[in-house]
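Engineer: Have a peek at structure.txt (compact mmCIF, C-alpha atoms).
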```
# COMPACT_ATOMS: atom_id res chain seq x y z
CA MET A 1 -46.16 -0.26 15.42
CA ALA A 2 -42.52 -0.03 14.30
CA THR A 3 -41.16 3.36 13.31
CA THR A 4 -39.68 3.73 9.84
CA PHE A 5 -36.68 5.99 9.27
CA ASN A 6 -35.06 7.40 6.14
CA TYR A 7 -31.45 6.39 5.51
CA LYS A 8 -28.78 7.79 3.23
CA ARG A 9 -25.86 5.91 1.71
CA VAL A 10 -22.74 7.62 3.02
CA TYR A 11 -19.14 7.03 1.99
CA VAL A 12 -17.30 6.24 5.25
CA TRP A 13 -14.29 4.01 4.59
CA GLU A 14 -11.91 5.36 1.97
CA LEU A 15 -10.08 3.02 -0.40
CA PRO A 16 -6.74 3.29 1.49
CA VAL A 17 -8.50 2.33 4.75
CA ARG A 18 -10.12 -0.68 3.11
CA PHE A 19 -6.81 -1.66 1.51
CA PHE A 20 -5.13 -1.46 4.92
CA HIS A 21 -7.89 -3.51 6.55
CA TRP A 22 -7.77 -6.43 4.12
CA THR A 23 -3.99 -6.41 3.78
CA THR A 24 -3.70 -6.53 7.56
CA ALA A 25 -6.34 -9.28 7.79
CA PHE A 26 -4.71 -11.58 5.21
CA SER A 27 -1.20 -10.82 6.47
CA THR A 28 -2.19 -11.64 10.04
CA VAL A 29 -3.66 -15.00 9.03
CA ILE A 30 -0.55 -15.92 7.04
CA LEU A 31 1.75 -14.81 9.86
CA ILE A 32 -0.19 -16.83 12.45
CA LEU A 33 -0.14 -20.01 10.36
CA THR A 34 3.52 -19.77 9.39
CA GLY A 35 4.44 -18.61 12.89
CA PHE A 36 3.05 -21.76 14.50
CA VAL A 37 4.98 -23.90 12.03
CA ILE A 38 8.18 -22.01 12.83
CA ALA A 39 7.54 -22.31 16.57
CA ASP A 40 6.96 -26.07 16.40
CA PRO A 41 8.05 -27.47 13.02
CA PRO A 42 6.64 -30.92 12.21
CA ALA A 43 8.96 -33.82 11.47
CA ILE A 44 8.38 -34.52 7.80
CA ASN A 45 9.96 -37.64 6.34
CA ALA A 46 10.82 -37.45 2.67
CA ASN A 47 12.61 -39.70 0.20
CA VAL A 48 14.97 -36.89 -0.84
CA GLU A 49 18.09 -35.46 0.70
CA ALA A 50 17.56 -32.63 3.17
CA THR A 51 19.60 -30.30 0.94
CA ASN A 52 17.02 -30.82 -1.82
CA SER A 53 14.03 -30.17 0.44
CA PHE A 54 13.89 -26.59 1.64
CA TRP A 55 10.25 -26.42 2.80
CA PHE A 56 11.05 -24.90 6.19
CA GLY A 57 13.11 -22.20 4.53
CA TYR A 58 10.13 -21.35 2.33
CA ILE A 59 7.90 -21.12 5.41
CA ARG A 60 10.34 -18.71 7.04
CA ALA A 61 10.61 -16.68 3.83
CA ILE A 62 6.81 -16.37 3.57
CA HIS A 63 6.65 -15.34 7.23
CA PHE A 64 9.33 -12.66 6.85
CA ILE A 65 8.07 -11.26 3.54
CA THR A 66 4.52 -11.04 4.90
CA ALA A 67 5.82 -9.31 8.02
CA TYR A 68 7.61 -6.68 5.92
CA ILE A 69 4.46 -6.10 3.87
CA LEU A 70 2.50 -5.64 7.09
CA ILE A 71 5.09 -3.20 8.46
CA ALA A 72 4.87 -1.10 5.28
CA THR A 73 1.06 -1.17 5.43
CA ILE A 74 1.02 -0.05 9.06
CA ILE A 75 3.39 2.85 8.33
CA PHE A 76 1.08 3.90 5.52
CA ARG A 77 -1.95 3.72 7.85
CA PHE A 78 -0.24 6.00 10.36
CA TYR A 79 0.29 8.48 7.54
CA TRP A 80 -3.35 8.18 6.46
CA ALA A 81 -4.49 8.91 10.02
CA PHE A 82 -3.40 12.51 9.36
CA VAL A 83 -4.53 12.99 5.75
CA GLY A 84 -7.63 10.79 5.52
CA ASN A 85 -11.25 11.75 6.08
CA GLN A 86 -12.83 12.32 9.48
CA PHE A 87 -13.49 8.61 10.02
CA ALA A 88 -9.85 7.68 9.44
CA ASN A 89 -8.40 10.49 11.56
CA TRP A 90 -6.17 9.62 14.54
CA ARG A 91 -8.41 11.60 16.92
CA ASN A 92 -11.07 8.90 16.64
CA PHE A 93 -8.78 6.30 18.21
CA ILE A 94 -8.09 8.11 21.50
CA PRO A 95 -11.19 8.78 23.65
CA TYR A 96 -10.02 12.05 25.20
CA THR A 97 -13.46 13.72 25.28
CA LYS A 98 -16.55 13.21 27.44
CA LYS A 99 -18.42 12.08 24.34
CA GLY A 100 -15.83 9.38 23.70
CA ILE A 101 -15.89 8.08 27.26
CA HIS A 102 -19.71 8.07 27.29
CA ASN A 103 -19.76 6.13 24.03
CA ILE A 104 -17.34 3.53 25.41
CA LEU A 105 -19.59 2.98 28.44
CA HIS A 106 -22.64 2.70 26.18
CA VAL A 107 -20.99 0.14 23.89
CA LEU A 108 -19.81 -1.89 26.88
CA LYS A 109 -23.34 -1.88 28.27
CA VAL A 110 -25.22 -2.73 25.06
CA ASP A 111 -22.71 -4.69 22.94
CA ILE A 112 -20.61 -6.52 25.51
CA PHE A 113 -22.99 -7.08 28.44
CA LEU A 114 -26.10 -7.18 26.16
CA MET A 115 -28.10 -4.89 28.43
CA LYS A 116 -31.12 -2.99 27.12
CA ASP A 117 -30.55 0.40 25.55
CA THR A 118 -32.88 2.55 27.64
CA GLU A 119 -31.71 5.84 26.12
CA HIS A 120 -32.28 5.13 22.40
CA LYS A 121 -30.32 8.26 21.51
CA LEU A 122 -29.11 8.61 17.94
CA TYR A 123 -25.65 9.91 18.83
CA ASN A 124 -24.88 6.62 20.62
CA ILE A 125 -24.72 4.94 17.20
CA SER A 126 -21.42 5.87 15.61
CA ILE A 127 -21.18 6.52 11.88
CA GLY A 128 -17.61 5.24 11.71
CA HIS A 129 -15.92 3.26 14.46
CA ASN A 130 -17.49 3.47 17.89
CA TYR A 131 -15.01 4.73 20.47
CA LEU A 132 -14.54 1.35 22.16
CA ALA A 133 -13.64 -0.31 18.86
CA ALA A 134 -11.38 2.57 17.85
CA PHE A 135 -9.57 2.56 21.19
CA SER A 136 -9.13 -1.21 21.00
CA TYR A 137 -7.54 -0.74 17.55
CA PHE A 138 -5.16 1.78 19.09
CA ILE A 139 -4.17 -0.73 21.79
CA MET A 140 -3.76 -3.47 19.20
CA ALA A 141 -1.54 -1.15 17.16
CA LEU A 142 0.77 -0.88 20.17
CA PHE A 143 0.81 -4.68 20.47
CA ILE A 144 1.58 -4.99 16.75
CA ILE A 145 4.54 -2.66 17.19
CA LEU A 146 5.77 -4.85 20.05
CA GLN A 147 5.23 -7.94 17.89
CA VAL A 148 7.22 -6.40 15.04
CA VAL A 149 10.05 -5.30 17.32
CA THR A 150 10.38 -8.72 18.98
CA GLY A 151 10.18 -10.49 15.61
CA LEU A 152 12.91 -8.35 14.09
CA SER A 153 15.04 -8.86 17.18
CA LEU A 154 14.75 -12.65 16.88
CA ILE A 155 16.10 -12.70 13.32
CA ALA A 156 18.73 -10.00 13.83
CA ASP A 157 21.54 -12.47 14.64
CA THR A 158 21.12 -14.31 11.32
CA SER A 159 20.24 -11.30 9.17
CA THR A 160 22.54 -9.02 7.20
CA TRP A 161 19.85 -6.43 6.55
CA TRP A 162 20.02 -3.16 8.47
CA LEU A 163 16.36 -3.20 9.60
CA PRO A 164 16.48 -6.31 11.84
CA ASN A 165 19.94 -5.30 13.08
CA MET A 166 18.46 -2.08 14.44
CA PHE A 167 16.55 -4.15 17.01
CA LYS A 168 19.27 -6.45 18.35
CA TRP A 169 19.11 -4.58 21.64
CA VAL A 170 15.48 -5.63 22.25
CA SER A 171 16.38 -9.26 22.99
CA THR A 172 19.14 -8.14 25.36
CA LEU A 173 16.76 -5.75 27.11
CA LEU A 174 14.13 -8.46 27.59
CA GLY A 175 16.64 -10.95 28.96
CA GLY A 176 17.45 -13.11 25.96
CA ASP A 177 15.91 -14.82 22.93
CA ILE A 178 13.78 -17.25 24.97
CA ILE A 179 11.79 -14.52 26.73
CA THR A 180 11.58 -12.53 23.49
CA ARG A 181 10.18 -15.60 21.74
CA TYR A 182 7.65 -16.16 24.53
CA ILE A 183 6.40 -12.58 24.20
CA HIS A 184 6.19 -12.96 20.42
CA HIS A 185 4.25 -16.21 20.82
CA ILE A 186 1.84 -14.91 23.49
CA LEU A 187 1.01 -11.89 21.36
CA THR A 188 0.05 -14.25 18.53
CA TRP A 189 -2.62 -15.82 20.74
CA LEU A 190 -3.79 -12.33 21.70
CA PHE A 191 -4.26 -11.43 18.04
CA MET A 192 -6.22 -14.63 17.46
CA ALA A 193 -8.56 -13.75 20.33
CA PHE A 194 -8.96 -10.23 18.95
CA ILE A 195 -9.90 -11.59 15.50
CA VAL A 196 -12.69 -13.71 17.00
CA ILE A 197 -14.07 -10.80 19.05
CA HIS A 198 -13.76 -8.40 16.12
CA VAL A 199 -15.66 -10.65 13.69
CA TYR A 200 -18.37 -11.31 16.29
CA LEU A 201 -18.95 -7.60 17.00
CA VAL A 202 -19.02 -6.69 13.30
CA LEU A 203 -21.67 -9.34 12.61
CA PHE A 204 -23.53 -8.31 15.79
CA HIS A 205 -23.74 -4.69 14.65
CA ASP A 206 -24.65 -5.73 11.13
CA PHE A 207 -27.55 -7.80 12.48
CA VAL A 208 -28.80 -5.33 15.10
CA GLU A 209 -28.32 -2.02 13.26
CA ALA A 210 -28.63 -3.30 9.65
CA ARG A 211 -26.52 -0.42 8.31
CA GLY A 212 -24.13 -2.45 6.17
CA GLU A 213 -21.44 -2.81 8.82
CA ALA A 214 -19.80 -5.85 7.21
CA SER A 215 -20.17 -4.88 3.56
CA SER A 216 -18.94 -1.33 4.22
CA MET A 217 -15.34 -2.57 4.40
CA ILE A 218 -15.76 -3.75 0.82
CA SER A 219 -17.87 -0.97 -0.69
CA GLY A 220 -16.87 1.84 1.68
CA PHE A 221 -20.51 2.85 2.19
CA LYS A 222 -22.75 2.70 5.24
CA PHE A 223 -26.41 3.57 5.68
CA VAL A 224 -26.91 6.52 8.04
CA ARG A 225 -30.10 8.14 9.32
CA SER A 226 -30.84 11.10 7.02
CA GLU A 227 -31.13 13.60 9.90
CA ARG A 228 -27.46 12.97 10.77
CA VAL A 229 -26.20 13.77 7.27
CA LYS A 230 -25.93 17.43 6.33
CA GLU A 231 -25.28 16.85 2.62
CA SER A 232 -28.15 16.60 0.20
CA GLU A 233 -28.82 13.43 -1.77
CA SER A 234 -27.33 14.95 -4.94
CA GLU A 235 -24.13 15.95 -3.10
CA ILE A 236 -23.72 12.44 -1.70
CA ILE A 237 -24.21 10.94 -5.17
CA GLU A 238 -21.71 13.39 -6.65
CA LYS A 239 -19.10 12.44 -4.04
CA ALA A 240 -19.74 8.76 -4.64
CA GLU A 241 -19.29 9.20 -8.37
CA LYS A 242 -15.95 10.93 -7.88
CA ILE A 243 -14.74 8.19 -5.56
CA THR A 244 -15.75 5.31 -7.81
CA TRP A 245 -14.34 7.02 -10.92
CA LYS A 246 -17.69 7.04 -12.68
CA LYS A 247 -17.08 10.54 -13.94
CA LYS A 248 -13.76 9.54 -15.45
CA ASN A 249 -15.43 6.65 -17.24
CA LYS A 250 -18.15 8.94 -18.57
CA LYS A 251 -15.54 11.41 -19.90
CA THR A 252 -13.64 8.59 -21.56
CA GLN A 253 -16.78 7.32 -23.25
CA LYS A 254 -17.66 10.83 -24.50
CA GLU A 255 -14.18 11.29 -25.94
CA LYS A 256 -14.49 8.00 -27.80
```
Could you render the structure as structure tokens?

Structural biologist:
Amino acid sequence: MATTFNYKRVYVWELPVRFFHWTTAFSTVILILTGFVIADPPAINANVEATNSFWFGYIRAIHFITAYILIATIIFRFYWAFVGNQFANWRNFIPYTKKGIHNILHVLKVDIFLMKDTEHKLYNISIGHNYLAAFSYFIMALFIILQVVTGLSLIADTSTWWLPNMFKWVSTLLGGDIITRYIHHILTWLFMAFIVIHVYLVLFHDFVEARGEASSMISGFKFVRSERVKESESEIIEKAEKITWKKKNKKTQKEK
């Protein structure tokens, strides 16, 4: 007979974290699509003069503007890693404790190699990111920084803005624009592979654990076993109301 547990709806992902997630997701897709066009532009025949058809310039503009939006978003996320809640904190992304290392091994065993979970211990199920996912995000953040640096270096020669010009030295250090472009291109394929793995694992956890893994990045809420949550039901509801501005709406209605 299956055992039934009580769950509480807990606010895990704050609005800034969700904003960062979706901005990064959409920006990455746009950058990948426009990046492939820039890397290998198609020969498009048109019945107008080339000076009146600036489609490739628009592609480059979209690529650069999206890149700058992503850079600003990443800087903001680094800031939020120090001021956000416990699930957004930077300490979650570096497994420097025995608990973190143990959790990585458990996730590798159960999620990646699909072996049976013989322990069935509650602490192996993370409320926020599991340590393997969090550490992979940390590694990907380093790759994103490298992607940004190489991208800015590639446009530095034709840019008059101070930001790209700060990274002219990167291309020289790497041995020229060709190698820099190769690194930039290879990292794009790495991000594409990461997206596939990330989506698979999110859906896998959503199916196996049924705690709202996928929808939590929209609503911010997950379902957590009640024995892991110290707050009472009324305290959780009160926090949720503050976050979703229900109290503000109620005050406004009373004033009217």

Engineer: Using Å and a single decimal, report how far atom CA of A:Pro42 sits from atom CA of A:Phe56.

Structural biologist: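 Atom CA of A:Pro42 lies 9.6 Å from atom CA of A:Phe56.
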
Engineer: Find the distance between atom CA of A:Ala214 and atom CA of A:Leu187 and write it in Å to one decimal.

Structural biologist: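 Atom CA of A:Leu187 lies at a distance of 25.9 Å from atom CA of A:Ala214.
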
Engineer: May I ask for the distance between atom CA of A:Ile144 and atom CA of A:Ile38, given in Å to one decimal place?

Structural biologist: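 If I compute the distance from atom CA of A:Ile144 to atom CA of A:Ile38, I get 18.7 Å.
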
Engineer: With all atoms listed in the file as the basis for distance, which of A:Ala81, A:Val224, A:Val17, A:Ile155 is at the shortest distance from A:Arg60?

Structural biologist: A:Ile155

Engineer: Taking (-4.7, -1.2, 4.8) in the file's own coordinates, collect the residues within 12 Å, counting only C-alpha atoms, and hand them back as JSON, numbers by chain.

Structural biologist: {"A": [13, 14, 15, 16, 17, 18, 19, 20, 21, 22, 23, 24, 25, 26, 27, 28, 69, 70, 71, 72, 73, 74, 75, 76, 77, 78, 79, 80, 81, 88, 217]}

Engineer: Nearest residue to A:Gly57 out of A:Thr34, A:Thr118, A:Thr172, A:Ser226, using all atoms listed in the file?

Structural biologist: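 So, comparing all the options, the nearest one is A:Thr34.
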
Engineer: Pick out the closest residue to A:Phe36 from this set: A:Leu203, A:Ile186, A:Ile179, A:Leu163. Count all atoms listed in the file.

Structural biologist: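 For A:Phe36, the nearest of the candidates is A:Ile186.
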